[in-house]
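The structure appears below as structure tokens.
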Amino acid sequence: MAKKRYIVGITGASGPEIGLKLAGALLEKGFEVHLAVSGQAKNIIRDETGLDIGNTKKEAINALARYFGNRERLFYSESTELWAPVASGSFKTEGMFVAPCSMKSLSALACGYAANLIERAADVCIKEGRKLVICPREMPFSPIHLENMLKLAKIGVIIAPPVAAFYPGPRTIDEMTGFFVGKLLDSAGIDHDLYRRWDGQYDAGHGKRAPKKRKL
Ligand SMILES: Cc1cc2nc3c(=O)[nH]c(=O)nc-3n(C[C@H](O)[C@H](O)[C@H](O)COP(=O)(O)O)c2cc1C
């Protein structure tokens, strides 16, 4: 049977680490990952994570293969490559994640304005009825952003912004990012152990920080 594939789009919002960690988790799970990174996202990846994926496709492929330690199941396309396989509905995938999703890309998705590969691949997922999970990042959201999200949610797109939870006891940014990525994977029904699930009590013997007792 053919390998199951997911598309991951990283757009130019803060938090590209979420998309990178997500792609890494999907690769570890044995999925084929078709990754596209917008031009603006390349800059933000470099500035926020220190990972420089360069300016050409070849440089990006080499840098990402080193970063993920995987060349076999990772397929990278520039966001300008509208001829890439994922631009067509005839190329079968399980679905797509856009993480993080900028408000510009969100508006394109909500309007079916497929001007780059990430927007086109997401548009394909919508028209083919495939799973689409987006992680919109902005603070605060304007009524325009919220209307775009509602429009997409009404047609089955999962809207999963990086909203922090404190019950799993995250102590580092990596652990908090693990929670965001875990929730994205949950949205697609993919099993993982990236965060500690709520089991009815804090610090349930997992060695995590217990909440401080309040003085009365
Ligand atoms: C450092 C930096 C951080 C940004 N963070 C966000 C963000 O969190 N959310 C957002 O909607 N736009 C953000 N932007 C603006 C987008 O990058 C811009 O709207 C861009 O056109 C998005 O294009 P893309 O979605 O095709 O990558 C940021 C820009 C910069 C330079």
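Residue names in the structure tokens use chain letters A, B, ... in the order shown, residue numbers from 1 in each chain, and ligand numbers from 1 in the order shown.
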### Query
Counting only C-alpha atoms, what is within 10 Å of Phe91 of chain A, bar same-chain residues fewer than 4 positions away, as a list in words?
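Listed by chain and then number, they are Arg5, Ala84, Pro85, Val86, Ala87 and Val124 of chain A.
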Those residues with N, CA and C atoms, as a PDB file, in the first residue's frame please?
```pdb
ATOM      1  N   ARG A   5       0.330  10.253   3.157  1.00  0.00           N
ATOM      2  CA  ARG A   5       0.991  11.550   3.022  1.00  0.00           C
ATOM      3  C   ARG A   5       0.198  12.676   3.681  1.00  0.00           C
ATOM      4  N   ALA A  84       3.760  21.775  -8.354  1.00  0.00           N
ATOM      5  CA  ALA A  84       4.128  20.658  -7.453  1.00  0.00           C
ATOM      6  C   ALA A  84       2.944  19.678  -7.350  1.00  0.00           C
ATOM      7  N   PRO A  85       3.207  18.404  -7.049  1.00  0.00           N
ATOM      8  CA  PRO A  85       2.131  17.403  -6.991  1.00  0.00           C
ATOM      9  C   PRO A  85       0.938  17.826  -6.118  1.00  0.00           C
ATOM     10  N   VAL A  86       1.237  18.433  -4.950  1.00  0.00           N
ATOM     11  CA  VAL A  86       0.137  18.746  -4.018  1.00  0.00           C
ATOM     12  C   VAL A  86      -0.791  19.847  -4.533  1.00  0.00           C
ATOM     13  N   ALA A  87      -0.450  20.456  -5.679  1.00  0.00           N
ATOM     14  CA  ALA A  87      -1.327  21.477  -6.267  1.00  0.00           C
ATOM     15  C   ALA A  87      -2.519  20.843  -6.991  1.00  0.00           C
ATOM     16  N   VAL A 124      -7.277  22.817  -2.532  1.00  0.00           N
ATOM     17  CA  VAL A 124      -7.505  21.458  -3.047  1.00  0.00           C
ATOM     18  C   VAL A 124      -8.108  20.586  -1.945  1.00  0.00           C
TER      19      VAL A 124
END
```
### Query
Val37 of chain A: which residues within 8 Å, counting only C-alpha atoms, same-chain residues fewer than 3 positions away excluded, as a VMD selection string?
chain A and resid 9 to 11 41 to 42 77 to 79 118
Using only C-alpha atoms and all ligand atoms, which residues of chain A come within 8 Å of ligand 1, and what is the closest atom pair for each, with the distance in Å to one decimal? Give it as a tab-separated table, sorted by chain and residue number.
```
residue	atom	partner	partner_atom_place_in_ligand_line	distance
A:Ile10	CA	ligand 1	27 (O)	7.3
A:Thr11	CA	ligand 1	27 (O)	3.8
A:Gly12	CA	ligand 1	27 (O)	3.4
A:Ala13	CA	ligand 1	6 (C)	3.5
A:Ser14	CA	ligand 1	8 (O)	4.0
A:Gly15	CA	ligand 1	8 (O)	7.1
A:Val37	CA	ligand 1	27 (O)	7.7
A:Ser38	CA	ligand 1	27 (O)	4.7
A:Gly39	CA	ligand 1	27 (O)	6.3
A:Gln40	CA	ligand 1	27 (O)	4.8
A:Ala41	CA	ligand 1	27 (O)	5.3
A:Asn43	CA	ligand 1	31 (C)	7.6
A:Ile44	CA	ligand 1	1 (C)	5.6
A:Asp47	CA	ligand 1	1 (C)	7.6
A:Pro100	CA	ligand 1	8 (O)	7.8
A:Cys101	CA	ligand 1	25 (O)	6.5
A:Ser102	CA	ligand 1	11 (O)	3.5
A:Met103	CA	ligand 1	11 (O)	3.7
A:Lys104	CA	ligand 1	25 (O)	5.0
A:Ser105	CA	ligand 1	25 (O)	4.2
A:Leu106	CA	ligand 1	25 (O)	7.6
A:Asn116	CA	ligand 1	26 (O)	7.7
A:Pro136	CA	ligand 1	11 (O)	7.3
A:Arg137	CA	ligand 1	8 (O)	4.8
A:Glu138	CA	ligand 1	9 (N)	4.5
A:Met139	CA	ligand 1	8 (O)	7.6
```
### Message
Using only C-alpha atoms for the distances, tell me which of A:Tyr76, A:Leu26, A:Phe68, A:Val33 is nearest to Thr56 of chain A.
### Response
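Selected residue with least distance to Thr56 of chain A: A:Tyr76.
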#### Entry: Contact residues around Asp52 of chain A with only C-alpha atoms at 8 Å, ignoring same-chain residues under 6 positions, as a ChimeraX atom specification
/A:42,45-46,63
### Query
Among segment 4-199 of chain A, which ones does DSSP place in alpha helix (DSSP H), written as number ranges by chain?
A: 16-28, 39-49, 57-68, 103-111, 117-128, 143-154, 173-187
